[in-house]
file coords-v8.txt (compact mmCIF, C-alpha atoms)
# COMPACT_ATOMS: atom_id res chain seq x y z
CA MET G 263 0.00 0.00 0.00
CA ASN G 264 1.71 3.20 -1.22
CA SER G 265 -0.94 5.69 -0.11
CA PHE G 266 -3.96 5.75 2.17
CA LEU G 267 -6.80 8.20 1.68
CA ASN G 268 -10.06 6.28 1.35
CA ALA G 269 -11.76 3.07 2.44
CA LYS G 270 -11.08 1.33 -0.87
CA ASP G 271 -7.33 1.77 -0.34
CA LEU G 272 -7.64 -0.80 2.43
CA GLY G 273 -9.32 -3.41 0.24
CA ASP G 274 -11.03 -6.24 2.12
CA LEU G 275 -12.39 -4.65 5.31
CA LYS G 276 -12.98 -8.02 6.94
CA GLU G 277 -9.27 -8.78 6.61
CA ALA G 278 -8.43 -5.30 7.90
CA LEU G 279 -10.58 -5.88 10.99
CA ARG G 280 -8.87 -9.23 11.50
CA GLU G 281 -5.48 -7.47 11.41
CA ALA G 282 -6.77 -4.86 13.84
CA ALA G 283 -7.87 -7.54 16.30
CA GLU G 284 -4.49 -9.28 15.96
CA ILE G 285 -2.61 -6.06 16.66
CA LYS G 286 -4.88 -5.14 19.55
CA SER G 287 -4.11 -8.48 21.21
CA ASP G 288 -0.35 -7.90 20.77
CA ARG G 289 0.57 -4.32 19.89
CA PHE G 290 4.28 -5.14 19.58
CA ARG G 291 3.94 -8.23 17.40
CA TYR G 292 5.61 -6.39 14.51
CA ASP G 293 8.03 -4.27 16.55
CA THR G 294 10.98 -4.93 14.22
CA LEU G 295 9.11 -4.20 10.99
CA GLY G 296 9.98 -0.51 11.13
CA LYS G 297 13.60 -0.86 12.28
CA ASN G 298 15.75 1.91 10.77
CA LYS G 299 12.66 3.37 9.06
CA THR G 300 11.50 6.93 9.74
CA LEU G 301 7.98 8.33 9.78
CA LEU G 302 7.61 12.05 9.13
CA MET G 303 4.34 13.47 10.48
CA VAL G 304 3.54 16.85 8.90
CA PHE G 305 0.91 18.96 10.66
CA PHE G 306 -0.59 22.03 9.01
CA ASN G 307 -3.29 22.03 11.73
CA ASN G 308 -3.71 21.26 15.42
CA SER G 309 -3.96 17.69 16.65
CA LEU G 310 -4.20 15.65 19.84
CA ARG G 311 -5.51 12.12 19.16
CA THR G 312 -4.05 11.92 15.67
CA ARG G 313 -0.61 13.05 16.79
CA LEU G 314 -0.45 10.80 19.84
CA SER G 315 -2.01 7.70 18.32
CA THR G 316 -0.03 7.78 15.07
CA GLN G 317 3.26 8.37 16.83
CA LYS G 318 2.48 5.54 19.26
CA ALA G 319 1.59 3.26 16.34
CA ALA G 320 4.91 4.01 14.66
CA MET G 321 6.76 3.30 17.90
CA ASN G 322 4.89 0.00 18.24
CA LEU G 323 6.37 -0.96 14.88
CA GLY G 324 9.89 0.11 15.82
CA MET G 325 9.98 3.25 13.66
CA ASN G 326 11.79 6.51 14.27
CA VAL G 327 9.42 9.49 14.25
CA ILE G 328 9.90 13.12 13.19
CA VAL G 329 7.05 15.53 13.91
CA LEU G 330 6.93 18.75 11.89
CA ASP G 331 4.44 21.42 12.92
CA VAL G 332 4.43 23.70 9.90
CA ASN G 333 2.94 26.58 11.90
CA ALA G 334 5.45 26.44 14.75
CA GLY G 335 9.07 26.90 13.78
CA ALA G 336 9.03 26.10 10.05
CA TRP G 337 9.03 28.55 7.16
CA LYS G 338 5.57 29.60 6.06
CA LEU G 339 4.73 27.54 3.00
CA GLU G 340 3.08 28.63 -0.24
CA THR G 341 0.83 25.97 -1.77
CA GLU G 342 -0.44 27.72 -4.92
CA ARG G 343 1.36 27.49 -8.26
CA GLY G 344 2.00 30.52 -10.45
CA VAL G 345 2.04 33.06 -7.63
CA ILE G 346 4.53 35.88 -7.02
CA MET G 347 5.84 35.10 -3.55
CA ASP G 348 6.12 38.67 -2.26
CA GLY G 349 4.18 38.06 0.95
CA ASP G 350 4.95 36.35 4.24
CA LYS G 351 5.48 32.87 2.73
CA SER G 352 9.18 32.18 2.29
CA GLU G 353 9.18 28.68 0.80
CA HIS G 354 7.07 26.85 -1.74
CA LEU G 355 5.61 23.48 -0.86
CA LEU G 356 6.95 22.06 -4.13
CA GLU G 357 10.54 22.57 -2.91
CA ALA G 358 9.78 21.67 0.68
CA ILE G 359 8.12 18.34 -0.14
CA PRO G 360 11.10 16.61 -1.83
CA VAL G 361 13.36 17.91 0.93
CA MET G 362 11.03 16.36 3.52
CA GLY G 363 10.99 13.12 1.54
CA SER G 364 14.78 12.90 1.62
CA PHE G 365 14.75 12.56 5.42
CA CYS G 366 12.13 9.82 5.85
CA ASP G 367 10.59 6.62 4.52
CA VAL G 368 6.87 7.35 5.10
CA ILE G 369 4.95 10.64 5.35
CA GLY G 370 1.69 11.37 7.17
CA ILE G 371 -0.16 14.59 6.25
CA ARG G 372 -2.72 16.59 8.25
CA SER G 373 -4.12 19.56 6.35
CA PHE G 374 -7.66 20.86 6.85
CA ALA G 375 -10.03 22.42 4.35
CA GLY G 376 -9.82 26.17 3.88
CA LEU G 377 -13.64 26.25 3.48
CA THR G 378 -13.49 29.09 0.96
CA ASP G 379 -12.75 27.33 -2.35
CA ARG G 380 -14.66 24.08 -2.72
CA ASP G 381 -12.88 22.99 -5.90
CA TYR G 382 -9.47 23.48 -4.27
CA ASP G 383 -10.47 21.61 -1.09
CA TYR G 384 -12.17 18.69 -2.83
CA ALA G 385 -9.25 18.27 -5.26
CA GLU G 386 -7.13 17.43 -2.17
CA THR G 387 -4.44 19.68 -3.59
CA VAL G 388 -1.98 19.54 -0.67
CA TYR G 389 -2.24 15.78 -0.17
CA HIS G 390 -1.72 15.00 -3.85
CA GLN G 391 1.29 17.33 -4.03
CA PHE G 392 2.95 15.18 -1.36
CA VAL G 393 2.05 12.00 -3.24
CA GLN G 394 3.43 13.39 -6.48
CA HIS G 395 6.61 15.07 -5.26
CA SER G 396 7.83 13.32 -2.09
CA GLY G 397 8.83 10.01 -3.65
CA LYS G 398 7.60 8.28 -0.49
CA PRO G 399 4.40 6.51 0.63
CA VAL G 400 1.90 9.07 1.94
CA PHE G 401 -1.12 8.59 4.20
CA ALA G 402 -3.81 10.96 5.38
CA MET G 403 -3.94 12.05 9.03
CA GLU G 404 -7.02 14.11 8.02
CA THR G 405 -7.21 16.15 4.86
CA ALA G 406 -9.56 18.71 3.36
CA THR G 407 -12.26 16.12 2.71
CA VAL G 408 -11.50 12.90 4.60
CA HIS G 409 -10.22 11.46 7.89
CA PRO G 410 -9.68 7.76 7.11
CA LEU G 411 -7.71 6.88 10.25
CA GLN G 412 -10.67 8.07 12.32
CA ALA G 413 -13.21 6.25 10.17
CA PHE G 414 -11.23 3.01 10.37
CA ALA G 415 -11.09 3.36 14.17
CA ASP G 416 -14.85 3.99 14.16
CA LEU G 417 -15.40 0.80 12.17
CA ILE G 418 -13.20 -1.18 14.57
CA THR G 419 -15.22 0.19 17.50
CA ILE G 420 -18.58 -0.66 15.94
CA SER G 421 -17.35 -4.18 15.16
CA GLU G 422 -16.41 -4.62 18.82
CA TYR G 423 -19.69 -3.34 20.27
CA ALA G 424 -22.29 -4.44 17.74
CA SER G 425 -24.74 -6.78 19.42
CA LYS G 426 -24.73 -10.27 17.97
CA ARG G 427 -28.47 -10.33 18.64
CA CYS G 428 -28.90 -7.67 15.98
CA LYS G 429 -28.58 -9.12 12.51
CA ARG G 430 -28.24 -5.74 10.81
CA PRO G 431 -27.06 -2.91 13.11
CA LYS G 432 -28.54 0.50 12.46
CA VAL G 433 -25.92 3.26 12.46
CA VAL G 434 -26.99 6.91 12.36
CA LEU G 435 -24.76 9.87 11.53
CA THR G 436 -26.41 12.98 12.94
CA TRP G 437 -25.56 16.62 12.40
CA ALA G 438 -25.37 18.72 15.57
CA PRO G 439 -24.98 22.48 16.16
CA HIS G 440 -21.62 24.22 16.55
CA PRO G 441 -20.62 27.90 16.85
CA ARG G 442 -17.89 27.62 14.20
CA ALA G 443 -17.81 26.38 10.61
CA LEU G 444 -16.20 22.94 10.54
CA PRO G 445 -14.96 20.82 7.60
CA GLN G 446 -16.81 17.78 6.29
CA ALA G 447 -13.82 15.42 6.54
CA VAL G 448 -15.04 13.28 9.45
CA PRO G 449 -18.65 12.87 8.28
CA ASN G 450 -17.46 12.27 4.70
CA SER G 451 -15.16 9.46 5.78
CA PHE G 452 -17.61 7.96 8.25
CA ALA G 453 -20.31 7.84 5.56
CA GLN G 454 -17.89 6.39 3.03
CA TRP G 455 -16.65 3.67 5.37
CA MET G 456 -20.14 2.71 6.55
CA GLN G 457 -21.27 2.40 2.93
CA GLU G 458 -18.22 0.30 2.06
CA ALA G 459 -18.83 -1.90 5.11
CA ASP G 460 -22.38 -2.45 3.95
CA ARG G 461 -21.28 -3.10 0.36
CA GLN G 462 -18.85 -5.76 1.58
CA ALA G 463 -21.58 -7.17 3.88
CA LEU G 464 -19.31 -7.15 6.92
CA PRO G 465 -20.55 -9.39 9.76
CA LEU G 466 -20.83 -6.51 12.23
CA GLY G 467 -23.91 -7.91 13.91
CA GLY G 468 -25.29 -11.41 14.03
CA SER G 469 -25.18 -12.03 10.29
CA LYS G 470 -23.33 -11.02 7.15
CA ALA G 471 -26.02 -8.54 6.16
CA GLY G 472 -23.90 -5.41 6.66
CA ILE G 473 -25.45 -2.35 8.25
CA ASP G 474 -28.43 -0.03 7.94
CA PHE G 475 -26.83 3.41 7.57
CA VAL G 476 -28.81 6.65 7.92
CA ILE G 477 -27.66 10.28 7.75
CA THR G 478 -29.78 12.99 9.36
CA HIS G 479 -29.25 16.75 9.14
CA PRO G 480 -31.12 19.98 8.37
CA GLU G 481 -31.71 20.76 4.71
CA GLY G 482 -28.70 22.39 3.08
CA TYR G 483 -26.10 20.21 4.80
CA GLU G 484 -26.18 17.38 2.24
CA LEU G 485 -22.78 15.68 2.02
CA ASP G 486 -21.07 15.10 -1.31
CA PRO G 487 -22.63 12.12 -3.15
CA ASP G 488 -19.13 10.72 -3.76
CA PHE G 489 -19.19 9.74 -0.08
CA THR G 490 -22.89 9.03 0.53
CA THR G 491 -24.36 7.38 -2.56
CA GLY G 492 -26.61 4.58 -1.36
CA ALA G 493 -27.10 5.97 2.15
CA THR G 494 -30.53 6.91 3.46
CA VAL G 495 -30.90 10.64 4.20
CA GLU G 496 -33.63 11.45 6.71
CA TYR G 497 -34.29 15.10 7.58
CA ASP G 498 -36.51 14.16 10.54
CA GLN G 499 -33.96 13.50 13.30
CA ARG G 500 -36.41 11.63 15.52
CA LYS G 501 -37.42 9.30 12.71
CA ALA G 502 -33.75 8.68 11.90
CA PHE G 503 -32.95 7.80 15.53
CA GLU G 504 -35.75 5.25 15.87
CA GLY G 505 -34.32 1.77 16.39
CA ALA G 506 -30.71 2.95 16.09
CA ASP G 507 -27.91 0.89 17.62
CA PHE G 508 -25.18 3.52 17.17
CA ILE G 509 -25.50 7.31 17.12
CA TYR G 510 -22.52 9.16 15.66
CA ALA G 511 -22.85 12.91 16.29
CA LYS G 512 -20.80 15.44 14.35
CA ASN G 513 -21.16 18.98 13.11
CA TRP G 514 -20.17 20.03 9.62
CA SER G 515 -20.53 23.24 7.64
CA CYS G 516 -22.40 23.50 4.35
CA PRO G 517 -20.76 21.14 1.82
CA GLY G 518 -21.99 23.27 -1.07
CA VAL G 519 -23.87 20.46 -2.81
CA THR G 520 -27.40 21.84 -2.78
CA HIS G 521 -26.30 25.36 -1.75
CA PRO G 522 -23.10 26.06 -3.77
CA ALA G 523 -22.81 29.65 -2.54
CA GLY G 524 -23.00 28.43 1.04
CA TYR G 525 -19.91 26.22 0.94
CA GLY G 526 -18.05 26.29 4.23
CA LYS G 527 -20.70 28.39 5.95
CA ILE G 528 -23.13 27.89 8.83
CA LEU G 529 -26.58 28.13 7.29
CA HIS G 530 -28.49 28.74 10.50
CA ASP G 531 -27.91 30.61 13.74
CA TYR G 532 -26.78 27.79 16.00
CA HIS G 533 -28.91 29.14 18.85
CA GLN G 534 -31.94 28.19 16.77
CA MET G 535 -30.65 24.66 16.12
CA MET G 536 -30.05 23.46 19.66
CA HIS G 537 -32.89 20.95 19.31
CA TRP G 538 -30.40 18.90 17.24
CA THR G 539 -28.11 18.50 20.29
CA VAL G 540 -28.01 14.83 21.33
CA ASP G 541 -29.48 14.57 24.82
CA ALA G 542 -31.14 11.87 26.92
CA GLU G 543 -34.47 12.36 25.19
CA HIS G 544 -32.85 11.81 21.80
CA MET G 545 -31.21 8.62 23.02
CA GLU G 546 -34.57 7.33 24.28
CA TRP G 547 -35.73 7.25 20.66
CA THR G 548 -33.06 4.63 19.89
CA ASN G 549 -32.60 0.92 20.53
CA HIS G 550 -30.43 1.59 23.62
CA ALA G 551 -27.83 2.97 21.22
CA HIS G 552 -24.16 3.57 21.84
CA PHE G 553 -23.04 7.18 21.47
CA MET G 554 -20.00 7.98 19.30
CA HIS G 555 -18.00 11.11 18.46
CA CYS G 556 -14.48 11.61 17.09
CA LEU G 557 -13.51 14.23 19.73
CA PRO G 558 -12.84 16.97 20.63
CA VAL G 559 -16.49 17.63 21.40
CA ARG G 560 -18.25 20.74 22.66
CA ARG G 561 -20.47 19.63 25.52
CA GLY G 562 -23.88 21.23 25.61
CA MET G 563 -23.66 21.86 21.85
CA ILE G 564 -23.04 18.48 20.21
CA VAL G 565 -24.01 16.33 23.19
CA THR G 566 -25.10 16.74 26.80
CA ASP G 567 -23.02 15.64 29.78
CA ASP G 568 -25.33 12.79 30.73
CA VAL G 569 -25.11 11.18 27.29
CA ILE G 570 -21.35 11.44 26.78
CA GLU G 571 -20.71 10.22 30.33
CA ALA G 572 -23.18 7.32 30.14
CA PRO G 573 -21.96 3.70 30.08
CA SER G 574 -23.22 3.49 26.51
CA SER G 575 -20.82 6.23 25.37
CA LEU G 576 -17.92 4.89 23.27
CA VAL G 577 -15.91 8.08 22.80
CA ILE G 578 -12.94 6.84 24.85
CA PRO G 579 -12.69 3.30 23.36
CA GLU G 580 -13.19 4.92 19.97
CA ALA G 581 -10.28 7.29 20.57
CA ALA G 582 -8.09 4.47 21.88
CA ASN G 583 -8.72 2.52 18.68
CA ARG G 584 -6.98 5.29 16.75
CA GLU G 585 -3.71 3.64 17.77
CA ILE G 586 -4.93 0.36 16.29
CA SER G 587 -6.11 1.82 12.99
CA ALA G 588 -2.84 3.72 12.54
CA THR G 589 -0.79 0.61 13.35
CA VAL G 590 -2.59 -1.43 10.68
CA ILE G 591 -2.02 1.27 8.06
CA LEU G 592 1.65 1.78 8.89
CA LYS G 593 2.20 -1.99 9.03
CA ARG G 594 0.82 -2.40 5.53
CA ILE G 595 2.86 0.51 4.19
CA LEU G 596 6.06 -0.87 5.73
CA GLN G 597 5.36 -4.30 4.30
CA SER G 598 5.11 -2.75 0.84
CA LEU G 599 8.50 -0.97 1.02
call {"tool": "encode", "arguments": {"input": "coords-v8.txt", "output": "structure tokens"}}
result
Amino acid sequence: MNSFLNAKDLGDLKEALREAAEIKSDRFRYDTLGKNKTLLMVFFNNSLRTRLSTQKAAMNLGMNVIVLDVNAGAWKLETERGVIMDGDKSEHLLEAIPVMGSFCDVIGIRSFAGLTDRDYDYAETVYHQFVQHSGKPVFAMETATVHPLQAFADLITISEYASKRCKRPKVVLTWAPHPRALPQAVPNSFAQWMQEADRQALPLGGSKAGIDFVITHPEGYELDPDFTTGATVEYDQRKAFEGADFIYAKNWSCPGVTHPAGYGKILHDYHQMMHWTVDAEHMEWTNHAHFMHCLPVRRGMIVTDDVIEAPSSLVIPEAANREISATVILKRILQSL
């Protein structure tokens, strides 16, 4: 595996889950695989779980790790071609990338959407520049449109907690209010991975029937069809929650699908949308569902204290599985070198 951006890059998800279980039972089983190999983690944006879990995964595999925070100590980087660099950016990414590649064997990239130019964001310009010019395997630690390490960890978590009494688990991705405009990367990836899990008929419940996946959000927040084709979209949140086994709450700004001029914007005053916040009443509509969120989460906005602190909340096991998902990806990349 030379790059990792989407669910299909992983191939057979059943085999990937088997590898995840193997690694979780013995995290240091492959601790010599990365001997004398170096991982460079490049962060254009803040990180907590991604930074810690990916670095720990690399250490589990015996790798050396270099962490570069582009916004703290490095030259400011220009990413556009054909510009006159007479501003505050001293180095172009097209020179910086091959230099970075000369010091490592694998590169992880974290670069969020700018939320101003949809075409630029959805072309994954920064990620693909690294793939093209680094000469090294590249994987996404969250990009403008996707967060595959998170989605893989989410899938691992659902596979661990899906009731075997339920032949076809119902998984609901619900929009929730937020005071700031957020990217669509996490919901895009979660939708994509749930759809791929269903397509491959993963035995997540008591049969090989896959999952029943539903997305619920106010009108105007429709995710890009490239990630959601085949999913059920239900604008009535209560109807969507009925019978759910897993509730995945996440905010995202307007994806610009049905409202092109609204891309990257909040379409409603969040004070008027607080009825979308997941609270105890919302969870009563479900089939004793587990609550999920990628973290960090704004309590009282996305979810109430009683829900996120309930025994049915999976936010901590979900975060811990980030180490497992990253280990599987790095293991496969190392095995391909």
call {"tool": "residues_near_point", "arguments": {"input": "coords-v8.txt", "point": "(-34.0, 4.9, 19.4)", "cutoff": "9 Å", "atoms": "all atoms listed in the file", "output": "ChimeraX atom specification"}}
result
/G:500-507,544-551
call {"tool": "closest_atom_pairs", "arguments": {"input": "coords-v8.txt", "of": "region 293-332 of chain G", "to": "region 576-581 of chain G", "cutoff": "12 Å", "atoms": "all atoms listed in the file", "output": "Markdown table"}}
result
| residue | atom | partner | partner_atom | distance |
| --- | --- | --- | --- | --- |
| G:Leu310 | CA | G:Ala581 | CA | 10.4 |
| G:Arg311 | CA | G:Ala581 | CA | 6.9 |
| G:Thr312 | CA | G:Ala581 | CA | 9.2 |
| G:Arg313 | CA | G:Ala581 | CA | 11.9 |
| G:Leu314 | CA | G:Ala581 | CA | 10.5 |
| G:Ser315 | CA | G:Ala581 | CA | 8.6 |
| G:Thr316 | CA | G:Ala581 | CA | 11.6 |
call {"tool": "closest_residue", "arguments": {"input": "coords-v8.txt", "among": "G:Ile528, G:Ala334, G:Cys556, G:Ile346", "to": "Ala447 (chain G)", "atoms": "all atoms listed in the file"}}
result
G:Cys556
call {"tool": "closest_residue", "arguments": {"input": "coords-v8.txt", "among": "G:Gly335, G:Leu355, G:Leu435, G:Lys318", "to": "Arg584 (chain G)", "atoms": "all atoms listed in the file"}}
result
G:Lys318
call {"tool": "atom_distance", "arguments": {"input": "coords-v8.txt", "atom1": "CA of Asp486 (chain G)", "atom2": "CA of Trp455 (chain G)"}}
result
14.0 Å
